[in-house]
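Trainee: Supplied structure: coords15.txt, compact mmCIF, C-alpha atoms.
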# COMPACT_ATOMS: atom_id res chain seq x y z
CA MET A 1 110.51 128.28 125.25
CA THR A 2 107.61 126.18 124.13
CA THR A 3 107.95 123.09 121.98
CA ALA A 4 106.67 124.94 118.92
CA GLN A 5 109.35 127.59 119.36
CA VAL A 6 112.10 124.99 119.74
CA ILE A 7 110.98 123.22 116.58
CA PHE A 8 110.84 126.54 114.76
CA TRP A 9 114.33 127.49 115.86
CA VAL A 10 115.83 124.12 114.92
CA ILE A 11 114.32 124.16 111.42
CA SER A 12 115.21 127.83 110.92
CA ALA A 13 118.79 127.12 111.95
CA VAL A 14 118.97 124.33 109.36
CA VAL A 15 117.57 126.65 106.68
CA LEU A 16 119.85 129.60 107.42
CA VAL A 17 123.07 127.65 108.02
CA SER A 18 122.65 125.73 104.77
CA ALA A 19 121.82 128.96 102.95
CA VAL A 20 125.08 130.47 104.24
CA LEU A 21 126.94 127.41 102.99
CA VAL A 22 125.19 127.66 99.60
CA VAL A 23 126.57 131.15 99.02
CA ALA A 24 129.95 130.49 100.59
CA SER A 25 130.99 127.06 99.31
CA ARG A 26 134.00 126.93 97.04
CA ASN A 27 132.79 123.73 95.41
CA ILE A 28 129.68 124.33 93.31
CA VAL A 29 128.41 120.76 93.76
CA HIS A 30 128.60 121.18 97.53
CA ALA A 31 126.66 124.41 97.17
CA ALA A 32 123.93 122.58 95.25
CA LEU A 33 123.69 119.92 97.98
CA TRP A 34 123.44 122.56 100.70
CA LEU A 35 120.71 124.19 98.61
CA ILE A 36 118.79 120.89 98.70
CA LEU A 37 119.08 120.83 102.51
CA SER A 38 117.91 124.42 102.72
CA LEU A 39 114.89 123.65 100.52
CA PHE A 40 113.99 120.70 102.73
CA GLY A 41 114.21 123.06 105.72
CA VAL A 42 111.82 125.51 104.09
CA ALA A 43 109.43 122.61 103.45
CA GLY A 44 109.66 121.85 107.17
CA LEU A 45 108.74 125.46 107.94
CA PHE A 46 105.74 125.15 105.65
CA ALA A 47 104.69 122.06 107.60
CA VAL A 48 105.07 123.94 110.90
CA LEU A 49 102.83 126.65 109.41
CA GLN A 50 100.22 123.93 108.80
CA ALA A 51 100.43 124.38 105.02
CA GLY A 52 100.95 120.69 104.35
CA PHE A 53 100.21 120.86 100.64
CA MET A 54 102.83 123.59 100.20
CA ALA A 55 105.39 121.47 102.06
CA VAL A 56 104.85 118.49 99.76
CA VAL A 57 104.84 120.67 96.64
CA GLN A 58 108.06 122.31 97.84
CA VAL A 59 109.78 118.93 98.13
CA VAL A 60 108.44 117.61 94.84
CA ILE A 61 109.03 120.70 92.72
CA TYR A 62 112.00 122.44 94.31
CA VAL A 63 114.04 119.48 95.49
CA GLY A 64 112.78 116.93 93.00
CA ALA A 65 112.87 119.07 89.88
CA ILE A 66 114.64 122.39 90.26
CA ALA A 67 117.55 121.24 92.41
CA THR A 68 117.98 118.17 90.18
CA LEU A 69 118.00 120.47 87.15
CA ILE A 70 120.64 122.63 88.82
CA ILE A 71 122.83 119.58 89.46
CA PHE A 72 122.38 118.51 85.82
CA ALA A 73 123.46 121.96 84.68
CA ILE A 74 126.49 121.88 86.98
CA MET A 75 127.52 118.50 85.60
CA LEU A 76 127.07 119.65 82.02
CA THR A 77 129.10 122.83 82.47
CA ARG A 78 132.23 121.59 84.18
CA ARG A 79 135.39 122.04 82.24
CA ASP A 80 137.36 119.67 84.41
CA MET A 81 137.07 118.11 87.82
CA ARG A 82 139.22 120.72 89.55
CA GLU A 83 137.54 123.98 90.44
CA GLY A 84 140.11 126.67 89.87
CA GLY A 85 139.66 130.36 90.20
CA ARG A 86 137.77 132.46 92.67
CA GLN A 87 134.21 131.78 93.70
CA THR A 88 133.44 135.41 94.50
CA HIS A 89 134.62 138.38 92.54
CA ARG A 90 137.04 140.96 93.87
CA TRP A 91 134.50 143.38 95.30
CA TRP A 92 132.57 140.87 97.41
CA PRO A 93 132.58 142.98 100.64
CA LEU A 94 130.23 145.44 98.96
CA PRO A 95 127.38 142.92 98.37
CA ALA A 96 127.98 141.54 101.85
CA LEU A 97 127.57 145.03 103.30
CA MET A 98 124.46 145.69 101.23
CA ALA A 99 122.87 142.39 102.22
CA ALA A 100 123.68 142.96 105.90
CA ALA A 101 122.26 146.50 105.77
CA LEU A 102 119.11 145.27 104.04
CA PHE A 103 118.65 142.55 106.65
CA ALA A 104 119.15 145.02 109.50
CA GLY A 105 116.59 147.38 108.01
CA LEU A 106 114.07 144.59 107.38
CA ALA A 107 114.50 143.14 110.87
CA TRP A 108 113.96 146.54 112.47
CA LEU A 109 110.93 147.18 110.29
CA LEU A 110 109.40 143.76 110.87
CA THR A 111 109.73 143.92 114.64
CA SER A 112 108.11 147.34 114.75
CA LEU A 113 105.05 146.35 112.69
CA PRO A 114 101.86 146.62 114.78
CA GLY A 115 100.56 143.10 114.20
CA SER A 116 103.84 141.28 114.19
CA GLY A 117 103.66 139.78 117.65
CA ALA A 118 100.46 138.02 116.81
CA THR A 119 99.76 134.44 117.65
CA PRO A 120 98.19 132.46 114.84
CA PRO A 121 94.40 132.38 114.76
CA ALA A 122 92.78 129.01 114.94
CA LEU A 123 92.49 127.22 111.64
CA ALA A 124 89.02 126.19 110.65
CA GLY A 125 88.57 122.46 110.51
CA ASP A 126 87.97 122.46 106.77
CA ASP A 127 90.02 120.49 104.32
CA HIS A 128 92.54 123.07 103.17
CA VAL A 129 93.76 121.10 100.18
CA LEU A 130 90.15 120.95 98.97
CA LEU A 131 89.76 124.69 99.52
CA LEU A 132 93.02 125.38 97.67
CA GLY A 133 91.93 123.22 94.75
CA GLN A 134 88.59 124.99 94.62
CA ALA A 135 90.33 128.37 94.77
CA LEU A 136 92.55 127.46 91.85
CA LEU A 137 89.74 126.18 89.66
CA THR A 138 86.58 128.19 90.30
CA PRO A 139 85.99 130.99 87.79
CA GLU A 140 85.09 133.44 90.56
CA GLN A 141 88.43 132.94 92.25
CA TYR A 142 91.80 132.20 90.70
CA VAL A 143 91.35 130.05 87.65
CA LEU A 144 92.59 132.78 85.30
CA PRO A 145 96.00 133.29 86.99
CA PHE A 146 96.27 129.52 87.25
CA GLU A 147 95.76 129.02 83.52
CA VAL A 148 98.08 131.89 82.64
CA ALA A 149 100.77 130.37 84.87
CA SER A 150 100.30 127.04 83.09
CA VAL A 151 100.75 128.68 79.69
CA LEU A 152 103.81 130.52 81.01
CA LEU A 153 105.31 127.26 82.23
CA LEU A 154 104.65 125.59 78.88
CA ALA A 155 106.22 128.47 76.97
CA ALA A 156 109.25 128.47 79.27
CA LEU A 157 109.78 124.73 78.89
CA ILE A 158 109.48 124.85 75.10
CA GLY A 159 111.90 127.76 75.07
CA ALA A 160 114.34 125.91 77.32
CA ILE A 161 114.23 122.88 75.02
CA VAL A 162 114.90 125.06 71.99
CA ILE A 163 117.71 127.01 73.66
CA ALA A 164 119.53 124.04 75.11
CA GLY A 165 118.76 121.72 72.25
CA ASP A 166 121.18 120.01 69.98
CA ALA A 167 123.71 122.58 68.82
CA ARG A 168 124.55 120.73 65.65
CA LYS A 169 121.11 121.23 64.07
CA MET B 1 103.57 130.37 120.32
CA VAL B 2 105.69 131.59 117.49
CA PRO B 3 104.95 135.22 116.59
CA LEU B 4 104.63 136.23 112.97
CA SER B 5 107.70 138.46 113.01
CA TRP B 6 110.01 135.47 113.61
CA TYR B 7 108.92 133.87 110.34
CA LEU B 8 109.30 137.18 108.54
CA ILE B 9 112.79 137.69 109.95
CA VAL B 10 113.87 134.19 108.88
CA ALA B 11 112.49 134.92 105.41
CA ALA B 12 114.31 138.27 105.36
CA ALA B 13 117.59 136.58 106.34
CA LEU B 14 117.11 133.96 103.61
CA PHE B 15 116.37 136.72 101.11
CA CYS B 16 119.50 138.67 102.06
CA LEU B 17 121.65 135.54 101.81
CA GLY B 18 120.26 134.89 98.33
CA LEU B 19 120.91 138.51 97.41
CA TYR B 20 124.52 138.18 98.52
CA GLY B 21 124.84 134.99 96.48
CA VAL B 22 123.50 136.71 93.37
CA LEU B 23 125.72 139.77 93.69
CA ALA B 24 128.98 138.23 94.83
CA ARG B 25 129.37 134.90 93.05
CA ARG B 26 131.10 134.47 89.70
CA ASN B 27 129.63 131.14 88.61
CA SER B 28 126.32 131.60 86.77
CA VAL B 29 124.79 128.47 88.31
CA ALA B 30 125.68 129.81 91.77
CA ILE B 31 123.90 133.06 90.88
CA LEU B 32 120.84 131.01 89.95
CA MET B 33 121.00 129.21 93.29
CA GLY B 34 120.93 132.62 95.00
CA ILE B 35 117.82 133.49 92.99
CA GLU B 36 116.16 130.26 94.16
CA LEU B 37 116.95 131.18 97.77
CA MET B 38 115.26 134.55 97.27
CA LEU B 39 112.17 132.94 95.77
CA ASN B 40 111.98 130.54 98.68
CA ALA B 41 112.14 133.47 101.08
CA VAL B 42 109.22 135.09 99.26
CA ASN B 43 107.19 131.88 99.44
CA LEU B 44 107.89 131.58 103.14
CA ASN B 45 106.67 135.15 103.62
CA LEU B 46 103.48 134.47 101.68
CA VAL B 47 102.62 131.29 103.55
CA ALA B 48 103.39 132.92 106.92
CA PHE B 49 101.11 135.84 106.11
CA TRP B 50 98.42 133.42 104.94
CA ARG B 51 98.56 131.47 108.19
CA TYR B 52 98.64 134.44 110.53
CA LEU B 53 96.41 137.01 108.86
CA ALA B 54 93.83 135.27 106.66
CA PRO B 55 93.82 131.48 107.07
CA ALA B 56 90.20 131.22 105.93
CA ARG B 57 90.95 132.60 102.49
CA MET B 58 93.20 130.72 100.10
CA SER B 59 94.77 133.76 98.43
CA GLY B 60 98.10 133.34 100.20
CA GLN B 61 98.53 129.72 99.18
CA VAL B 62 97.34 130.43 95.62
CA PHE B 63 99.93 133.20 95.37
CA ALA B 64 102.62 130.83 96.63
CA VAL B 65 101.61 128.16 94.10
CA ILE B 66 101.87 130.69 91.27
CA VAL B 67 105.33 131.68 92.58
CA PHE B 68 106.31 127.99 92.47
CA ALA B 69 105.29 127.78 88.82
CA VAL B 70 107.14 130.97 87.90
CA ALA B 71 110.26 129.83 89.78
CA ALA B 72 110.27 126.51 87.94
CA ALA B 73 109.88 128.27 84.58
CA GLU B 74 112.65 130.72 85.38
CA ALA B 75 115.03 128.02 86.59
CA ALA B 76 114.48 125.98 83.43
CA VAL B 77 115.05 128.91 81.07
CA GLY B 78 118.03 130.22 83.06
CA LEU B 79 119.77 126.87 83.14
CA ALA B 80 119.10 126.34 79.42
CA LEU B 81 120.72 129.70 78.74
CA ILE B 82 123.73 128.81 80.91
CA ILE B 83 124.19 125.48 79.14
CA SER B 84 123.89 127.12 75.73
CA LEU B 85 126.39 129.81 76.72
CA TYR B 86 128.77 127.13 78.00
CA ARG B 87 128.61 125.37 74.64
CA LEU B 88 129.50 128.60 72.88
CA ARG B 89 132.14 130.03 75.19
CA ARG B 90 133.26 127.03 77.35
CA THR B 91 132.83 129.09 80.51
CA VAL B 92 130.11 129.65 83.08
CA VAL B 93 131.76 132.60 84.77
CA ALA B 94 129.34 135.48 84.48
CA ASP B 95 132.06 138.07 83.97
CA GLU B 96 133.39 136.28 80.91
CA ALA B 97 130.10 136.49 78.98
CA ASP B 98 131.00 139.84 77.45
CA LEU B 99 130.21 139.39 73.77
CA LEU B 100 128.00 142.48 73.76
CA ARG B 101 130.51 144.69 75.53
CA GLY B 102 131.65 147.56 73.33
Can you dump the structure from the file as structure tokens?

Mentor:
Amino acid sequence: MTTAQVIFWVISAVVLVSAVLVVASRNIVHAALWLILSLFGVAGLFAVLQAGFMAVVQVVIYVGAIATLIIFAIMLTRRDMREGGRQTHRWWPLPALMAAALFAGLAWLLTSLPGSGATPPALAGDDHVLLLGQALLTPEQYVLPFEVASVLLLAALIGAIVIAGDARK
Amino acid sequence: MVPLSWYLIVAAALFCLGLYGVLARRNSVAILMGIELMLNAVNLNLVAFWRYLAPARMSGQVFAVIVFAVAAAEAAVGLALIISLYRLRRTVVADEADLLRG
């Protein structure tokens, strides 16, 4: 077991254990906090994959914005401080079975792919953040999806403001 | 070294956990947290494929950045809908939002 494998297993264990606790916590605030830990773990996996920009963006956007938004929404939609009632509906074994079957099928498929035992090729010594920025902004590459995604984000945020705006107006 | 299939299996496990969270939870915000887990699994897949199959091209990371933007947009709109529904019906349980049921 090399050092890289140990690091990978530790971070993956953090990600998967917190994801289990996200979907199994009775308390919704606890679930949101476990989600934050899981998102940090995924950022760690991005760093292990040498995608440093993705790791930072993951922390800033997912933990800093989306998870914070989720906690805001939880705080704004609590009827009282006690959480009564079930957290899962009555037929929860069926989704558990479906998810387990899907994971079994995916794991079998992924281990039998021809190139799946590959070791990573050497990264070129270029500045990958620079290359990513150039890829997002050059007309020959991906500037059009980038601009469309920006417009989509703007439309979604305006829509969210209108939907959740002051109900008395 | 770490083979590619390990990353893909971790992403598959994360995806299946998110899928269970979406299908089995009653609270709408918990369903949204399951959706975020699934999107994270997809991003992990994309970045792992970028690193192992085509690290010279930036397509994998660009795809993951676009997925980030779409996930943020969807989380904002989804949570706005949940808050608006809570104001109307005083509940966030998904089963109790049955105004359109015949």

Trainee: Of the candidates B:Met33, B:Ala13, B:Ala97, B:Leu8, which one gets nearest to A:Ala13 if we count only C-alpha atoms?

Mentor: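 Ranking B:Met33, B:Ala13, B:Ala97, B:Leu8 by distance to A:Ala13, first place goes to B:Ala13.
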
Trainee: Distance table requested - chain A against chain B, cut-off 6 Å, only C-alpha atoms: one row per qualifying residue with the closest atom pair and its distance in Å to one decimal, ordered by chain and rising residue number, as JSON lines.

Mentor:
{"residue": "A:Gln5", "atom": "CA", "partner": "B:Val2", "partner_atom": "CA", "distance": 5.7}
{"residue": "A:Val23", "atom": "CA", "partner": "B:Gly21", "partner_atom": "CA", "distance": 4.9}
{"residue": "A:Gln87", "atom": "CA", "partner": "B:Arg26", "partner_atom": "CA", "distance": 5.7}
{"residue": "A:Thr88", "atom": "CA", "partner": "B:Arg25", "partner_atom": "CA", "distance": 4.4}
{"residue": "A:His89", "atom": "CA", "partner": "B:Arg26", "partner_atom": "CA", "distance": 6.0}
{"residue": "A:Trp92", "atom": "CA", "partner": "B:Ala24", "partner_atom": "CA", "distance": 5.1}
{"residue": "A:Pro95", "atom": "CA", "partner": "B:Tyr20", "partner_atom": "CA", "distance": 5.5}
{"residue": "A:Ala96", "atom": "CA", "partner": "B:Tyr20", "partner_atom": "CA", "distance": 5.9}
{"residue": "A:Ala99", "atom": "CA", "partner": "B:Cys16", "partner_atom": "CA", "distance": 5.0}
{"residue": "A:Ala107", "atom": "CA", "partner": "B:Ile9", "partner_atom": "CA", "distance": 5.8}
{"residue": "A:Leu110", "atom": "CA", "partner": "B:Ser5", "partner_atom": "CA", "distance": 6.0}
{"residue": "A:Ser116", "atom": "CA", "partner": "B:Ser5", "partner_atom": "CA", "distance": 4.9}
{"residue": "A:Gly117", "atom": "CA", "partner": "B:Pro3", "partner_atom": "CA", "distance": 4.9}
{"residue": "A:Ala118", "atom": "CA", "partner": "B:Pro3", "partner_atom": "CA", "distance": 5.3}
{"residue": "A:Thr119", "atom": "CA", "partner": "B:Pro3", "partner_atom": "CA", "distance": 5.4}
{"residue": "A:Pro120", "atom": "CA", "partner": "B:Tyr52", "partner_atom": "CA", "distance": 4.8}
{"residue": "A:Leu132", "atom": "CA", "partner": "B:Met58", "partner_atom": "CA", "distance": 5.9}
{"residue": "A:Leu153", "atom": "CA", "partner": "B:Ala73", "partner_atom": "CA", "distance": 5.2}
{"residue": "A:Ala156", "atom": "CA", "partner": "B:Ala73", "partner_atom": "CA", "distance": 5.4}
{"residue": "A:Ala160", "atom": "CA", "partner": "B:Val77", "partner_atom": "CA", "distance": 4.9}
{"residue": "A:Ile163", "atom": "CA", "partner": "B:Ala80", "partner_atom": "CA", "distance": 6.0}
{"residue": "A:Ala164", "atom": "CA", "partner": "B:Ala80", "partner_atom": "CA", "distance": 4.9}

Trainee: If you measure from atom CA of A:Leu144 to atom CA of A:Leu157, what distance in Å do you get, rounded to one decimal?

Mentor: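 Interatomic distance, atom CA of A:Leu144 to atom CA of A:Leu157: 20.0 Å.
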
Trainee: I'd like the interatomic distance between atom CA of A:Ser25 and atom CA of A:Ile71, to a tenth of an Å.

Mentor: 14.8 Å

Trainee: So which residues touch A:Leu136 within 7 Å, counting all atoms listed in the file, skipping near sequence neighbours fewer than 6 positions away, as a PDB file with C-alpha atoms, in the coordinates of the input?

Mentor:
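Everything below was put into selection_1.pdb:
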ATOM      1  CA  TYR A 142      91.800 132.200  90.700  1.00  0.00           C
ATOM      2  CA  VAL A 143      91.350 130.050  87.650  1.00  0.00           C
ATOM      3  CA  PHE A 146      96.270 129.520  87.250  1.00  0.00           C
TER       4      PHE A 146
ATOM      5  CA  VAL B  62      97.340 130.430  95.620  1.00  0.00           C
TER       6      VAL B  62
END

Trainee: In Å, how far is it from atom CA of A:Ala24 to atom CA of A:Leu49?

Mentor: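 Atom-to-atom, atom CA of A:Ala24 and atom CA of A:Leu49 are spaced 28.8 Å apart.
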
Trainee: For A:Thr3, list every protein, DNA or RNA residue within 12 Å, evaluated using all atoms listed in the file, and leave out those in the same chain fewer than 4 positions away; present the list as number ranges by chain.

Mentor: A: 7-10, 48; B: 1-2
